[in-house]
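Student: run10.txt (compact mmCIF, C-alpha atoms) pasted underneath:
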```txt
# COMPACT_ATOMS: atom_id res chain seq x y z
CA GLY I 1 -1.04 -10.41 13.09
CA PRO I 2 -1.24 -7.52 10.63
CA ILE I 3 -1.17 -4.01 12.09
CA PRO I 4 -3.71 -1.66 10.44
CA LEU I 5 -2.47 1.73 9.27
CA THR I 6 -5.28 4.15 10.05
CA PRO I 7 -6.20 6.36 8.32
CA SER I 8 -5.62 4.59 5.02
CA TYR I 9 -6.31 5.88 1.52
CA CYS I 10 -5.72 4.68 -2.05
CA ALA I 11 -2.09 3.63 -1.65
CA LEU I 12 -0.26 3.02 -4.94
CA SER I 13 3.31 2.98 -3.64
CA MET I 14 5.14 2.45 -0.35
CA LEU I 15 8.78 2.93 0.60
CA PHE I 16 10.62 2.14 3.83
CA THR I 17 13.30 4.81 4.02
CA ASP I 18 15.59 6.36 6.62
CA TRP I 19 14.72 9.92 5.60
CA ASN I 20 16.45 11.54 8.62
CA ARG I 21 19.39 9.09 8.95
CA SER I 22 18.24 8.04 12.42
CA GLY I 23 19.09 4.40 11.78
CA THR I 24 15.41 3.42 11.80
CA PRO I 25 13.53 3.60 8.48
CA SER I 26 10.10 5.21 8.34
CA LEU I 27 7.34 4.30 5.90
CA ARG I 28 6.35 6.69 3.12
CA VAL I 29 2.99 6.03 1.48
CA SER I 30 1.97 7.64 -1.81
CA ASN I 31 -1.81 7.89 -2.16
CA ASP I 32 -4.02 8.64 -5.14
CA ARG I 33 -6.18 11.51 -3.94
CA GLU I 34 -8.95 10.63 -6.41
CA TYR I 35 -10.85 8.01 -4.44
CA TYR I 36 -10.75 9.00 -0.77
CA LYS I 37 -11.88 12.23 0.84
CA GLY I 38 -8.89 13.65 2.67
CA GLY I 39 -6.43 11.37 0.86
CA GLN I 40 -2.87 12.68 1.05
CA GLU I 41 0.77 11.64 1.19
CA GLN I 42 1.78 9.97 4.45
CA LEU I 43 4.92 9.38 6.52
CA TRP I 44 4.69 6.80 9.30
CA ARG I 45 7.10 6.62 12.24
CA ILE I 46 8.06 2.97 12.78
CA GLN I 47 9.61 2.05 16.13
CA ALA I 48 10.22 -1.42 17.53
CA GLY I 49 7.53 -2.53 19.93
CA LEU I 50 5.29 0.49 19.26
CA ALA I 51 2.33 1.00 16.99
CA PRO I 52 3.06 2.96 13.77
CA GLU I 53 2.47 6.67 14.25
CA LEU I 54 1.77 9.28 11.58
CA TYR I 55 3.96 12.33 11.27
CA GLY I 56 1.73 15.39 11.37
CA PRO I 57 1.85 19.20 11.33
CA GLU I 58 3.25 19.24 14.86
CA ASP I 59 6.28 17.36 13.50
CA GLY I 60 6.65 19.67 10.51
CA TRP I 61 5.00 17.29 8.02
CA GLN I 62 3.03 19.32 5.47
CA ARG I 63 -0.21 18.20 3.87
CA LEU I 64 0.30 17.20 0.24
CA ARG I 65 -2.47 15.91 -2.01
CA ILE I 66 -1.46 14.54 -5.42
CA TRP I 67 -2.47 11.61 -7.61
CA GLY I 68 0.31 9.68 -5.93
CA MET I 69 1.63 6.83 -8.09
CA GLY I 70 5.26 6.07 -7.27
CA ILE I 71 8.21 7.09 -5.09
CA ALA I 72 11.91 7.20 -5.96
CA GLY I 73 14.56 8.18 -3.41
CA HIS I 74 18.20 9.14 -3.86
CA ASP I 75 20.78 11.45 -2.28
CA LEU I 76 21.09 13.80 -5.24
CA ASN I 77 22.89 16.72 -3.61
CA ALA I 78 25.40 14.68 -1.54
CA ASP I 79 24.17 16.08 1.78
CA GLY I 80 23.72 12.60 3.25
CA TYR I 81 19.90 12.68 3.11
CA PRO I 82 17.70 11.22 0.36
CA GLU I 83 15.57 13.38 -1.91
CA TYR I 84 12.26 11.96 -3.17
CA PHE I 85 10.63 12.09 -6.59
CA LEU I 86 6.85 11.58 -6.38
CA THR I 87 4.96 10.69 -9.55
CA SER I 88 1.47 11.96 -10.25
CA MET I 89 -0.71 13.24 -13.09
CA ALA I 90 1.00 16.40 -14.40
CA ASP I 91 1.97 17.19 -10.83
CA ASN I 92 5.26 15.39 -10.16
CA LYS I 93 7.31 16.53 -7.18
CA LEU I 94 11.00 16.52 -6.28
CA GLN I 95 11.12 16.84 -2.50
CA VAL I 96 14.25 18.15 -0.78
CA LEU I 97 14.61 18.72 2.96
CA SER I 98 14.07 22.43 3.56
CA GLU I 99 16.59 22.66 6.40
CA ILE I 100 19.29 20.43 7.81
CA PRO I 101 20.40 21.71 11.22
CA GLU I 102 24.03 21.66 12.26
CA ALA I 103 23.02 19.80 15.42
CA GLY I 104 20.14 17.42 15.88
CA ALA I 105 17.84 15.69 13.42
CA PRO I 106 15.98 17.51 10.63
CA LEU I 107 12.22 17.92 10.58
CA PRO I 108 10.20 16.32 7.74
CA VAL I 109 9.69 19.68 6.02
CA TYR I 110 10.26 19.47 2.28
CA SER I 111 10.56 21.96 -0.57
CA ASP I 112 9.54 21.07 -4.12
CA LEU I 113 12.41 21.64 -6.57
CA ALA I 114 10.94 19.81 -9.57
CA TYR I 115 10.67 22.96 -11.68
CA ALA I 116 14.06 24.34 -10.67
CA ARG I 117 15.77 21.02 -11.48
CA GLY I 118 13.87 20.43 -14.73
CA VAL I 119 12.05 17.25 -13.70
CA THR I 120 8.40 18.33 -13.74
CA ALA I 121 7.88 15.98 -16.73
CA HIS I 122 4.32 17.27 -16.89
CA ARG I 123 3.71 17.09 -20.66
CA PRO I 124 4.83 14.78 -23.49
CA TYR I 125 8.00 15.91 -25.23
CA THR I 126 7.31 13.92 -28.43
CA GLY I 127 4.38 12.18 -30.12
CA GLY I 128 2.34 15.31 -30.88
CA GLU I 129 0.30 15.44 -27.65
CA ILE I 130 -0.08 18.64 -25.63
CA LYS I 131 -2.33 17.32 -22.85
CA PRO I 132 -0.83 16.56 -19.42
CA SER I 133 1.18 13.41 -18.75
CA THR I 134 0.49 10.56 -16.32
CA ALA I 135 3.55 9.26 -14.48
CA TRP I 136 3.87 5.89 -12.72
CA HIS I 137 7.14 4.16 -11.86
CA ALA I 138 10.20 6.33 -11.20
CA GLN I 139 13.80 5.28 -10.56
CA PHE I 140 17.08 7.10 -10.00
CA GLU I 141 20.12 5.41 -11.58
CA ASP I 142 23.33 6.52 -13.26
CA VAL I 143 22.59 5.34 -16.80
CA ASN I 144 25.72 6.83 -18.39
CA ASN I 145 28.18 6.12 -15.56
CA ASP I 146 29.24 9.73 -15.09
CA GLY I 147 28.80 9.76 -11.32
CA LEU I 148 25.46 11.60 -11.43
CA ALA I 149 22.11 9.90 -10.76
CA ASP I 150 19.67 10.17 -13.66
CA LEU I 151 15.89 9.69 -13.54
CA PHE I 152 13.61 7.36 -15.51
CA VAL I 153 9.83 7.84 -15.39
CA ALA I 154 7.33 5.38 -16.87
CA LYS I 155 4.35 7.11 -18.51
CA GLY I 156 0.90 6.05 -19.67
CA ASN I 157 -2.74 7.11 -19.59
CA VAL I 158 -4.82 5.58 -16.79
CA TRP I 159 -7.63 4.33 -19.03
CA GLU I 160 -8.24 6.55 -22.05
CA MET I 161 -8.87 9.54 -19.83
CA PRO I 162 -9.70 12.32 -22.32
CA ASP I 163 -8.13 15.14 -20.32
CA PHE I 164 -4.70 13.49 -20.33
CA ALA I 165 -2.29 12.50 -23.09
CA LEU I 166 -2.94 9.16 -24.78
CA LEU I 167 0.48 9.14 -26.44
CA ASP I 168 2.65 9.69 -23.39
CA PRO I 169 6.36 8.85 -23.84
CA ASN I 170 8.57 7.63 -21.01
CA ASN I 171 11.10 10.10 -19.64
CA LEU I 172 14.84 9.57 -19.38
CA LEU I 173 16.19 12.64 -17.60
CA LEU I 174 19.98 12.94 -17.44
CA GLN I 175 21.46 14.88 -14.56
CA ARG I 176 23.96 17.62 -15.39
CA SER I 177 26.82 18.85 -13.24
CA ASP I 178 24.75 21.81 -11.96
CA GLY I 179 22.03 19.48 -10.59
CA THR I 180 19.49 20.16 -13.35
CA PHE I 181 18.19 17.45 -15.67
CA LEU I 182 17.96 17.17 -19.47
CA GLU I 183 15.36 15.08 -21.30
CA ALA I 184 17.08 12.39 -23.40
CA GLY I 185 14.33 9.81 -23.88
CA GLU I 186 14.00 10.31 -27.61
CA GLU I 187 17.75 10.39 -28.25
CA ALA I 188 18.19 7.23 -26.18
CA GLY I 189 15.42 5.44 -28.07
CA VAL I 190 13.22 4.73 -25.05
CA ALA I 191 10.41 7.21 -25.82
CA SER I 192 7.85 4.44 -26.19
CA LEU I 193 4.25 5.54 -26.73
CA LEU I 194 2.78 2.38 -25.22
CA THR I 195 0.95 2.58 -21.90
CA ALA I 196 3.69 1.98 -19.34
CA ARG I 197 3.28 1.14 -15.67
CA GLY I 198 6.32 -0.56 -14.12
CA ALA I 199 10.00 -0.55 -15.02
CA ALA I 200 13.48 -1.57 -13.94
CA LEU I 201 16.88 -0.08 -14.69
CA ALA I 202 19.31 -2.96 -14.16
CA ASP I 203 22.40 -4.49 -15.76
CA PHE I 204 20.75 -7.48 -17.42
CA ASN I 205 23.77 -8.60 -19.47
CA LEU I 206 26.43 -7.86 -16.83
CA ASP I 207 28.49 -5.41 -18.88
CA GLY I 208 28.46 -2.57 -16.36
CA GLN I 209 25.86 -0.51 -18.22
CA LEU I 210 22.29 -0.23 -17.02
CA ASP I 211 19.63 -1.62 -19.35
CA LEU I 212 15.91 -0.84 -19.19
CA LEU I 213 12.84 -3.05 -18.82
CA VAL I 214 9.37 -1.48 -19.07
CA VAL I 215 6.08 -3.27 -18.33
CA ASN I 216 3.16 -1.98 -20.42
CA ARG I 217 -0.57 -2.30 -19.92
CA HIS I 218 -2.41 -4.30 -22.60
CA ASP I 219 0.83 -4.88 -24.51
CA LYS I 220 4.14 -6.70 -24.35
CA ALA I 221 6.96 -5.66 -22.06
CA GLN I 222 9.91 -3.86 -23.65
CA LEU I 223 13.59 -4.44 -22.97
CA TRP I 224 16.30 -2.05 -24.13
CA GLN I 225 20.03 -2.83 -24.03
CA ASN I 226 22.34 0.03 -23.16
CA VAL I 227 24.83 0.08 -26.05
CA SER I 228 26.38 3.48 -25.35
CA ASP I 229 30.09 3.70 -26.13
CA THR I 230 30.63 6.92 -24.17
CA SER I 231 29.84 5.71 -20.65
CA GLY I 232 32.31 6.20 -17.83
CA ASN I 233 33.84 3.61 -15.53
CA TRP I 234 31.66 1.69 -13.13
CA LEU I 235 31.47 -0.27 -9.91
CA ALA I 236 28.91 -2.94 -8.90
CA VAL I 237 28.09 -3.73 -5.27
CA ALA I 238 25.83 -6.33 -3.64
CA PRO I 239 25.84 -6.51 0.18
CA HIS I 240 24.80 -9.89 1.52
CA GLN I 241 24.33 -11.38 4.97
CA SER I 242 23.12 -14.72 6.20
CA GLY I 243 19.77 -15.28 7.88
CA ALA I 244 17.04 -12.66 7.84
CA ASN I 245 17.36 -9.55 5.66
CA ARG I 246 19.96 -11.23 3.45
CA ASP I 247 20.16 -8.22 1.09
CA ALA I 248 20.88 -5.75 3.97
CA ILE I 249 17.73 -3.73 3.29
CA GLY I 250 17.98 -0.52 5.31
CA GLY I 251 21.74 -0.21 4.92
CA TRP I 252 23.63 2.39 2.90
CA ILE I 253 26.32 2.18 0.23
CA GLU I 254 28.85 5.00 -0.03
CA VAL I 255 31.40 5.33 -2.83
CA ARG I 256 34.05 8.02 -2.68
CA THR I 257 35.90 9.22 -5.77
CA GLY I 258 38.15 12.15 -4.97
CA ASP I 259 35.85 14.78 -3.44
CA LEU I 260 32.71 13.11 -4.80
CA VAL I 261 30.64 10.94 -2.44
CA GLN I 262 27.82 8.85 -3.88
CA ARG I 263 25.34 7.49 -1.36
CA ARG I 264 22.66 4.90 -1.96
CA GLU I 265 20.10 3.62 0.50
CA ILE I 266 19.37 -0.09 0.10
CA THR I 267 15.57 -0.17 -0.06
CA SER I 268 12.69 -2.40 -1.01
CA GLY I 269 9.62 -0.89 -2.62
CA GLY I 270 8.92 2.63 -3.75
CA GLY I 271 8.56 2.32 -7.48
CA HIS I 272 5.10 1.60 -8.87
CA VAL I 273 4.51 -2.19 -9.24
CA SER I 274 8.27 -2.64 -9.51
CA GLY I 275 11.24 -3.57 -7.36
CA ILE I 276 14.89 -4.55 -7.67
CA ALA I 277 17.25 -6.49 -5.43
CA GLY I 278 20.86 -7.35 -6.18
CA PHE I 279 23.76 -5.39 -7.53
CA SER I 280 23.87 -1.59 -7.31
CA ILE I 281 25.98 0.11 -9.96
CA SER I 282 27.84 3.37 -9.45
CA GLY I 283 29.65 5.20 -12.22
CA TRP I 284 32.31 7.88 -12.38
CA ALA I 285 33.68 9.78 -15.33
CA MET I 286 37.09 10.65 -13.93
CA ARG I 287 40.11 8.36 -14.16
CA LYS I 288 40.71 8.23 -10.41
CA ALA I 289 39.49 5.05 -8.75
CA PRO I 290 37.19 5.02 -5.71
CA THR I 291 39.01 5.30 -2.40
CA SER I 292 36.29 3.96 -0.11
CA ALA I 293 32.93 2.27 -0.08
CA CYS I 294 30.46 1.49 2.68
CA SER I 295 28.18 -1.56 2.80
CA GLY I 296 29.70 -3.17 -0.28
CA LEU I 297 32.31 -2.75 -2.96
CA THR I 298 34.06 -3.78 -6.13
CA ALA I 299 37.19 -2.46 -7.74
CA PRO I 300 37.09 -0.83 -11.18
CA LYS I 301 39.32 -0.75 -14.21
CA ALA I 302 41.06 2.36 -15.42
CA ASN I 303 41.46 2.85 -19.17
CA GLY I 304 40.25 -0.70 -19.70
CA ARG I 305 43.07 -2.27 -17.65
CA PRO I 306 42.70 -3.85 -14.22
CA HIS I 307 44.17 -1.85 -11.37
CA LYS I 308 47.18 -3.36 -9.74
CA ARG I 309 46.40 -4.77 -6.32
CA GLU I 310 48.48 -2.08 -4.66
CA ALA I 311 46.74 0.71 -6.62
CA PHE I 312 44.18 1.57 -3.97
CA THR I 313 42.54 0.43 -0.77
CA ILE I 314 38.81 0.24 -0.25
CA SER I 315 37.31 0.42 3.21
CA SER I 316 33.82 -0.84 3.85
CA ALA I 317 31.28 -0.95 6.66
CA MET I 318 28.13 -3.05 6.66
CA ARG I 319 25.27 -2.41 9.01
CA HIS I 320 23.65 -5.55 10.42
CA TRP I 321 20.06 -4.45 10.76
CA ARG I 322 18.83 -7.60 12.44
CA ALA I 323 21.45 -7.31 15.20
CA GLY I 324 21.93 -3.54 15.28
CA THR I 325 25.71 -3.91 15.10
CA ARG I 326 28.40 -2.79 12.68
CA THR I 327 31.51 -4.44 11.28
CA ARG I 328 34.35 -2.77 9.47
CA THR I 329 36.89 -4.44 7.21
CA GLU I 330 39.63 -3.15 4.97
CA ASN I 331 41.54 -4.69 2.10
CA THR I 332 42.69 -4.06 -1.46
CA ILE I 333 41.03 -5.87 -4.33
CA SER I 334 41.01 -5.70 -8.12
CA GLN I 335 37.77 -7.37 -9.18
CA ASN I 336 34.95 -5.60 -10.98
CA VAL I 337 31.93 -6.96 -9.19
CA GLY I 338 31.28 -8.76 -5.95
CA TRP I 339 29.24 -9.65 -2.92
CA LEU I 340 30.18 -8.26 0.47
CA ARG I 341 29.20 -10.72 3.19
CA ASP I 342 28.88 -9.89 6.84
CA GLY I 343 31.81 -10.71 9.09
CA SER I 344 34.24 -11.25 6.21
CA SER I 345 37.23 -9.42 4.81
CA LEU I 346 37.16 -7.95 1.33
CA GLY I 347 39.21 -10.58 -0.45
CA GLN I 348 38.23 -13.92 -1.89
CA ASP I 349 36.60 -14.93 1.41
CA ALA I 350 34.21 -12.00 1.06
CA GLY I 351 32.59 -13.76 -1.88
CA ILE I 352 34.08 -11.50 -4.58
CA TRP I 353 33.52 -12.89 -8.05
CA PRO I 354 36.79 -12.36 -9.96
CA ARG I 355 35.36 -13.43 -13.31
CA ALA I 356 31.67 -12.54 -12.98
CA VAL I 357 31.87 -9.52 -15.26
CA ARG I 358 34.48 -7.10 -16.48
CA SER I 359 34.11 -3.46 -17.40
CA LYS I 360 34.42 -2.45 -21.02
CA GLU I 361 37.42 -0.55 -22.22
CA ARG I 362 36.55 3.12 -22.25
```
The structure given in the file should be rewritten as structure tokens.
Tutor:
Amino acid sequence: GPIPLTPSYCALSMLFTDWNRSGTPSLRVSNDREYYKGGQEQLWRIQAGLAPELYGPEDGWQRLRIWGMGIAGHDLNADGYPEYFLTSMADNKLQVLSEIPEAGAPLPVYSDLAYARGVTAHRPYTGGEIKPSTAWHAQFEDVNNDGLADLFVAKGNVWEMPDFALLDPNNLLLQRSDGTFLEAGEEAGVASLLTARGAALADFNLDGQLDLLVVNRHDKAQLWQNVSDTSGNWLAVAPHQSGANRDAIGGWIEVRTGDLVQRREITSGGGHVSGIAGFSISGWAMRKAPTSACSGLTAPKANGRPHKREAFTISSAMRHWRAGTRTRTENTISQNVGWLRDGSSLGQDAGIWPRAVRSKER
């Protein structure tokens, strides 16, 4: 039967994530501190056959009390470990591991770099309001296909709370090459002043560019199509395996382009009242094609033309979480989007869709 997590608070978001790359995901819980005395952010150690156990001060875990709404994770600094953006009310956090030892596993000690990276998103940037913002769903995705993960944050007042902004636009924060972020919500046309809660950045029309769906309270949902003509090249990946855990939740995707390595953990949960399963899209601005990918792959186009089959080789490795084993296959392909199935090579028998989508000429 169900296993109680004690103590429990006002949980508004949960995320299973392998924060220390141990191979076993832990459970992060984001709690609204408003309704429970002692309510705080939590990290639970999950081990097979054992009861869940809270990380505490003896493990390095530091007490953090925010109006926790949502969690977004992504390896922003290419160190192999995910960073976490935590949404709150004028108190958003960007958590980065404070120390990664040369040997052994890191401790769950995090530094907040939200201010240094320009992602505090604590006040509206348009609409005339000066009161603090209220953030809900957050998601890291590369919306302009330049190889850098950007950040979307859904905003909206809880319920006409007078101390917080009523006109609270969503944030679209574009990452720059130095790791800082620039607000682009108004320029992109997504600075809605409705009361947002959930959202999804996904390629709804299969053109290789991420579109945006936002769910609003007491109003209709909004869907924006990404019509940018300056986006870079792109790659779409969807790992798949038969039986349980068909979407390979808990695995990782790695895409290498020259010296750049993009890593993505395949997760379920995290964002506030939102979730996505299916293709993951990676972008890159340079002309050079990816040279390897782990857990899934597709081949890109360069200058709008398909690569020749001998142009590059992509190596992939999928982790089978239900069996605890790994497979590794290697092949050369020229499709734009595909499924990688367990135990198969990376050609037609891997379930690659040769005509599913094609990248736009750039």
Student: Can you pull out every residue within 10 Å of Leu260 of chain I, counting all atoms listed in the file, but drop anything in the same chain fewer than 2 positions away, and send it as a PDB file with C-alpha atoms, in the frame of the given file?
Tutor:
```pdb
ATOM      1  CA  ALA I  78      25.400  14.680  -1.540  1.00  0.00           C
ATOM      2  CA  GLY I 147      28.800   9.760 -11.320  1.00  0.00           C
ATOM      3  CA  LEU I 148      25.460  11.600 -11.430  1.00  0.00           C
ATOM      4  CA  VAL I 255      31.400   5.330  -2.830  1.00  0.00           C
ATOM      5  CA  ARG I 256      34.050   8.020  -2.680  1.00  0.00           C
ATOM      6  CA  THR I 257      35.900   9.220  -5.770  1.00  0.00           C
ATOM      7  CA  GLY I 258      38.150  12.150  -4.970  1.00  0.00           C
ATOM      8  CA  GLN I 262      27.820   8.850  -3.880  1.00  0.00           C
ATOM      9  CA  ARG I 263      25.340   7.490  -1.360  1.00  0.00           C
ATOM     10  CA  TRP I 284      32.310   7.880 -12.380  1.00  0.00           C
ATOM     11  CA  PRO I 290      37.190   5.020  -5.710  1.00  0.00           C
TER      12      PRO I 290
END
```
Student: Which residues of segment 143-254 of chain I come within 10 Å of segment 71-74 of chain I, and what is each one's closest atom pair and distance in Å (one decimal), counting only C-alpha atoms, sorted by chain and residue number, as a tab-separated table?
Tutor:
```
residue	atom	partner	partner_atom	distance
I:Ala149	CA	I:His74	CA	8.0
I:Asp150	CA	I:His74	CA	10.0
I:Leu151	CA	I:Ala72	CA	8.9
I:Phe152	CA	I:Ala72	CA	9.7
I:Val153	CA	I:Ala72	CA	9.7
```
Student: Using only C-alpha atoms, find the one residue out of I:Ser228, I:Gly128, I:Ala248, I:Asn145 that sits nearest to Leu193 of chain I.
Tutor: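 The shortest atom-to-atom distance to Leu193 of chain I comes from I:Gly128.
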Student: Rounded to one decimal place, report the atom CA of Asp163 of chain I-atom CA of Gln62 of chain I distance in Å.
Tutor: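 Rounded to one decimal, the two atoms are 28.4 Å apart.
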Student: Counting all atoms listed in the file, which residue out of I:Glu34, I:Glu187, I:Asp146, I:Asp178 sits closest to Met89 of chain I?
Tutor: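 The answer is I:Glu34, which sits nearest to Met89 of chain I.
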